[in-house]
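Enquirer: After the C-alpha cells below, expect a handful of questions from me.
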Amino acid sequence: MNSHEQYMDKAIEVANSTKLNGGVAIGAVLVDSKSGSIVSVGGSMVAISHDPTAHAEINAIRKAAEALNTDDLFSLTLYSTLEPCHMCLSAAAWARIPRIYFGAYRKDVDETLFDIKGDFSDEEEGKRMNLRENIGMSVIGGINEQACAQLLASHYEAPHHLVRLA
Ligand SMILES: [Zn+2]
C-alpha cells in the first residue's frame with residue numbers, strides 16, 4: 001500500500017469492523033511515513049468501553065505509542081475517516097504527528113450526529129500547530145470523502161445515545 005486513498009480504504013475497513021463490534025463507524029490508521037507500513041489502527045469504542053475519550057484516533061495513537069515504546073510519533077502519518085475533533089487533533093499534536101489525512105469533513109456529516117461539533121477547520125487549526133522547532137502540522141481532508149461520509153450515514157437510525165457519542 002502506498003497511496004493516501006489506499007490507507008484511507010484501510011481506515012474505512014477498520015470503521016466497518018468497529019461497527020460490527022458495536023462501536024461507531026469511524027476508523028483511524030497510523031502509518032510509518034518512511035516505510036509505509038501500518039503501525040496501528042483504531043476504531044471509535046466510546047459507547048462500548050464507556051470511555052468518552054476512546055475515539056478512533058486516540059485508540060490508534062495509544063496503540064502506536066505502546067508498540068513503538070515512545071510518546072514521540074513524529075515519524076508517523078495519521079489517517080482518519082472523519083475530520084478529527086479538538087481532542088484528537090490536540091492528541092496528535094502532543095504526539096508530534098506532523099501529517100494528518102482525513103476523509104469526510106465535519107460538514108459532510110448530519111449535524112444531528114454530534115452534540116459537540118465545533119465550528120472550526122482542522123486544516124486551518126493544523127497550520128497554527130507548532131510541533132517542534134517551527135515544524136507545523138499538515139492537515140488535508142477529502143480523501144475518499146464520499147465513502148467516509150457514507151460510513152456515518154448508516155448511523156442515522158441508531159439510538160441517539162450511541163450516535164451522540166461518536
Ligand atoms: Zn476525536
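Ordered as shown in the C-alpha cells, chains take letters A, B, and onward, while each chain numbers its residues from 1 and ligands are numbered from 1 in the order shown.
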Once DSSP has gone over the backbone, tell me which residues of chain A are in helix (DSSP H, G or I), as a PDB file with C-alpha atoms, in the first residue's frame.

Expert:
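Now in result-v2.pdb:
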ATOM      1  CA  HIS A   4      -3.474   8.088   0.599  1.00  0.00           C
ATOM      2  CA  GLU A   5      -6.585   6.502  -0.862  1.00  0.00           C
ATOM      3  CA  GLN A   6      -5.341   3.012  -0.034  1.00  0.00           C
ATOM      4  CA  TYR A   7      -4.585   3.930   3.576  1.00  0.00           C
ATOM      5  CA  MET A   8      -7.999   5.559   3.809  1.00  0.00           C
ATOM      6  CA  ASP A   9      -9.533   2.355   2.448  1.00  0.00           C
ATOM      7  CA  LYS A  10      -7.849   0.573   5.352  1.00  0.00           C
ATOM      8  CA  ALA A  11      -9.311   3.134   7.784  1.00  0.00           C
ATOM      9  CA  ILE A  12     -12.742   2.523   6.226  1.00  0.00           C
ATOM     10  CA  GLU A  13     -12.231  -1.216   6.723  1.00  0.00           C
ATOM     11  CA  VAL A  14     -11.409  -0.558  10.400  1.00  0.00           C
ATOM     12  CA  ALA A  15     -14.510   1.646  10.722  1.00  0.00           C
ATOM     13  CA  ASN A  16     -16.705  -1.125   9.323  1.00  0.00           C
ATOM     14  CA  SER A  17     -15.278  -3.780  11.624  1.00  0.00           C
ATOM     15  CA  THR A  18     -15.629  -1.398  14.578  1.00  0.00           C
ATOM     16  CA  LYS A  19     -19.304  -1.012  13.753  1.00  0.00           C
ATOM     17  CA  LEU A  20     -19.719  -4.787  13.541  1.00  0.00           C
ATOM     18  CA  VAL A  46     -16.715   5.202  23.196  1.00  0.00           C
ATOM     19  CA  ALA A  47     -20.101   3.534  23.587  1.00  0.00           C
ATOM     20  CA  ILE A  48     -18.709   0.053  24.218  1.00  0.00           C
ATOM     21  CA  SER A  49     -15.902   0.919  26.589  1.00  0.00           C
ATOM     22  CA  ALA A  56     -10.636   6.108  16.807  1.00  0.00           C
ATOM     23  CA  GLU A  57      -7.613   8.436  16.580  1.00  0.00           C
ATOM     24  CA  ILE A  58      -6.876   8.299  20.324  1.00  0.00           C
ATOM     25  CA  ASN A  59      -7.038   4.499  20.275  1.00  0.00           C
ATOM     26  CA  ALA A  60      -4.665   4.322  17.308  1.00  0.00           C
ATOM     27  CA  ILE A  61      -2.260   6.814  18.939  1.00  0.00           C
ATOM     28  CA  ARG A  62      -2.212   4.855  22.215  1.00  0.00           C
ATOM     29  CA  LYS A  63      -1.544   1.575  20.394  1.00  0.00           C
ATOM     30  CA  ALA A  64       1.239   3.059  18.256  1.00  0.00           C
ATOM     31  CA  ALA A  65       2.948   4.656  21.263  1.00  0.00           C
ATOM     32  CA  GLU A  66       2.811   1.328  23.067  1.00  0.00           C
ATOM     33  CA  ALA A  67       4.072  -0.617  20.037  1.00  0.00           C
ATOM     34  CA  LEU A  68       6.944   1.798  19.411  1.00  0.00           C
ATOM     35  CA  HIS A  86     -10.483  19.086  19.074  1.00  0.00           C
ATOM     36  CA  MET A  87      -9.361  16.343  21.456  1.00  0.00           C
ATOM     37  CA  CYS A  88      -7.892  14.112  18.751  1.00  0.00           C
ATOM     38  CA  LEU A  89      -6.257  16.995  16.878  1.00  0.00           C
ATOM     39  CA  SER A  90      -4.616  18.055  20.152  1.00  0.00           C
ATOM     40  CA  ALA A  91      -3.604  14.490  20.992  1.00  0.00           C
ATOM     41  CA  ALA A  92      -1.935  14.231  17.564  1.00  0.00           C
ATOM     42  CA  ALA A  93      -0.088  17.492  18.287  1.00  0.00           C
ATOM     43  CA  TRP A  94       1.040  16.230  21.716  1.00  0.00           C
ATOM     44  CA  ARG A 106     -17.413  17.507   9.743  1.00  0.00           C
ATOM     45  CA  LYS A 107     -19.749  19.452   7.460  1.00  0.00           C
ATOM     46  CA  ASP A 108     -20.365  16.265   5.430  1.00  0.00           C
ATOM     47  CA  GLU A 111     -25.252  17.801  12.389  1.00  0.00           C
ATOM     48  CA  THR A 112     -27.669  15.771  14.478  1.00  0.00           C
ATOM     49  CA  LEU A 113     -24.926  13.143  14.726  1.00  0.00           C
ATOM     50  CA  ASP A 122      -8.700  21.094  11.167  1.00  0.00           C
ATOM     51  CA  GLU A 123      -6.887  22.185   8.018  1.00  0.00           C
ATOM     52  CA  GLU A 124      -6.732  25.755   9.393  1.00  0.00           C
ATOM     53  CA  GLU A 125      -6.030  24.715  13.004  1.00  0.00           C
ATOM     54  CA  GLY A 126      -3.193  22.484  11.841  1.00  0.00           C
ATOM     55  CA  LYS A 127      -1.371  25.463  10.353  1.00  0.00           C
ATOM     56  CA  ARG A 128      -1.250  27.060  13.793  1.00  0.00           C
ATOM     57  CA  GLU A 145     -14.632  11.782   1.168  1.00  0.00           C
ATOM     58  CA  GLN A 146     -17.909  10.282  -0.029  1.00  0.00           C
ATOM     59  CA  ALA A 147     -17.139   6.756   1.153  1.00  0.00           C
ATOM     60  CA  CYS A 148     -16.074   8.077   4.556  1.00  0.00           C
ATOM     61  CA  ALA A 149     -19.199  10.240   4.915  1.00  0.00           C
ATOM     62  CA  GLN A 150     -21.307   7.253   3.893  1.00  0.00           C
ATOM     63  CA  LEU A 151     -19.929   5.247   6.823  1.00  0.00           C
ATOM     64  CA  LEU A 152     -21.721   7.532   9.262  1.00  0.00           C
ATOM     65  CA  ALA A 153     -24.904   7.837   7.236  1.00  0.00           C
ATOM     66  CA  HIS A 160     -29.349   8.841  19.872  1.00  0.00           C
ATOM     67  CA  HIS A 161     -27.212   7.871  22.845  1.00  0.00           C
ATOM     68  CA  LEU A 162     -24.981   5.837  20.577  1.00  0.00           C
ATOM     69  CA  VAL A 163     -24.885   8.401  17.841  1.00  0.00           C
TER      70      VAL A 163
END

Enquirer: If you run DSSP over the backbone, which residues in chain A end up strand (DSSP E or B)? Put them as number ranges by chain.

Expert: A: 24-32, 38-44, 76-82, 99-104, 132, 135, 138-140

Enquirer: Identify, on the basis of only C-alpha atoms, every residue whose closest approach to Met45 in chain A does not exceed 10 Å; exclude the query and any residue fewer than 3 positions from it along the same chain; express the result as a tab-separated table (two decimals) with N, CA and C atoms, in the first residue's frame.

Expert:
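Output saved as selection.tsv:
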chain	number	residue	atom	x	y	z
A	18	THR	N	-15.29	-1.99	13.28
A	18	THR	CA	-15.63	-1.40	14.58
A	18	THR	C	-17.15	-1.39	14.76
A	19	LYS	N	-17.84	-1.04	13.70
A	19	LYS	CA	-19.30	-1.01	13.75
A	19	LYS	C	-19.86	-2.41	14.02
A	21	ASN	N	-18.53	-4.64	15.65
A	21	ASN	CA	-18.25	-4.99	17.04
A	21	ASN	C	-18.98	-4.09	18.04
A	22	GLY	N	-19.93	-3.30	17.54
A	22	GLY	CA	-20.75	-2.49	18.43
A	22	GLY	C	-20.27	-1.06	18.62
A	23	GLY	N	-19.20	-0.68	17.93
A	23	GLY	CA	-18.72	0.69	18.03
A	23	GLY	C	-19.34	1.57	16.96
A	24	VAL	N	-18.80	2.75	16.80
A	24	VAL	CA	-19.28	3.66	15.77
A	24	VAL	C	-18.33	3.60	14.58
A	25	ALA	N	-18.90	3.70	13.38
A	25	ALA	CA	-18.12	3.50	12.15
A	25	ALA	C	-17.17	4.66	11.85
A	26	ILE	N	-16.18	4.81	12.69
A	26	ILE	CA	-15.09	5.76	12.46
A	26	ILE	C	-13.80	4.98	12.64
A	42	GLY	N	-7.27	2.01	14.87
A	42	GLY	CA	-8.20	2.24	15.98
A	42	GLY	C	-9.60	2.52	15.47
A	48	ILE	N	-18.94	1.40	23.70
A	48	ILE	CA	-18.71	0.05	24.22
A	48	ILE	C	-17.86	0.09	25.48
A	49	SER	N	-16.84	0.92	25.47
A	49	SER	CA	-15.90	0.92	26.59
A	49	SER	C	-16.30	1.91	27.68
A	50	HIS	N	-17.39	2.66	27.44
A	50	HIS	CA	-17.82	3.70	28.40
A	50	HIS	C	-16.66	4.63	28.70
A	51	ASP	N	-15.93	4.96	27.66
A	51	ASP	CA	-14.81	5.88	27.79
A	51	ASP	C	-15.00	7.00	26.77
A	52	PRO	N	-15.37	8.18	27.25
A	52	PRO	CA	-15.64	9.29	26.32
A	52	PRO	C	-14.43	9.73	25.51
A	53	THR	N	-13.25	9.28	25.89
A	53	THR	CA	-12.06	9.67	25.12
A	53	THR	C	-11.62	8.59	24.13
A	54	ALA	N	-12.37	7.49	24.06
A	54	ALA	CA	-11.94	6.36	23.23
A	54	ALA	C	-12.29	6.55	21.75
A	55	HIS	N	-11.92	7.69	21.22
A	55	HIS	CA	-12.13	7.95	19.79
A	55	HIS	C	-11.13	7.12	18.97
A	56	ALA	N	-11.46	6.94	17.69
A	56	ALA	CA	-10.64	6.11	16.81
A	56	ALA	C	-9.17	6.58	16.80
A	59	ASN	N	-7.35	5.93	20.13
A	59	ASN	CA	-7.04	4.50	20.28
A	59	ASN	C	-5.84	4.10	19.42
A	165	LEU	N	-22.34	9.86	20.86
A	165	LEU	CA	-21.04	9.57	21.43
A	165	LEU	C	-19.98	9.26	20.37
A	166	ALA	N	-20.40	9.38	19.11
A	166	ALA	CA	-19.46	9.09	18.03
A	166	ALA	C	-18.25	10.01	18.13

Enquirer: Just give me the gap between CA of Ile38 in chain A and CA of Asn130 in chain A in Å, one decimal is fine.

Expert: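 So the answer is 25.0 Å.
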
Enquirer: Between CA of Gly136 in chain A and CA of Tyr79 in chain A, measure the distance and give it in Å to one decimal.

Expert: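 According to the coordinates, CA of Gly136 in chain A and CA of Tyr79 in chain A are separated by 17.0 Å.
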
Enquirer: Nearest to ligand 1: which of A:Gly36, A:Gly27, A:Gly141, A:Pro98 is it, counting only C-alpha atoms and all ligand atoms?

Expert: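 The closest residue to ligand 1 is A:Gly27.
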
Enquirer: What does the structure give for the distance between CA of Ser80 in chain A and CA of Ser40 in chain A, in Å to one decimal?

Expert: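 Taking CA of Ser80 in chain A and CA of Ser40 in chain A, their separation equals 12.0 Å.
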
Enquirer: Which residue, A:Gly43, A:Gly103, A:Ile140, A:Val29, has the smallest gap to Leu82 in chain A when you use only C-alpha atoms?

Expert: A:Gly103

Enquirer: Can you tell me, as a PyMOL selection string, what residues are no more than 9 Å from Leu76 in chain A when counting only C-alpha atoms, ignoring any on the same chain fewer than 5 positions away?

Expert: chain A and resi 30-34+39+96-99

Enquirer: Counting only C-alpha atoms and all ligand atoms, figure out which residue out of A:Ala104, A:Ala28, A:Ala95, A:Met129 gets nearest to ligand 1.

Expert: A:Ala28
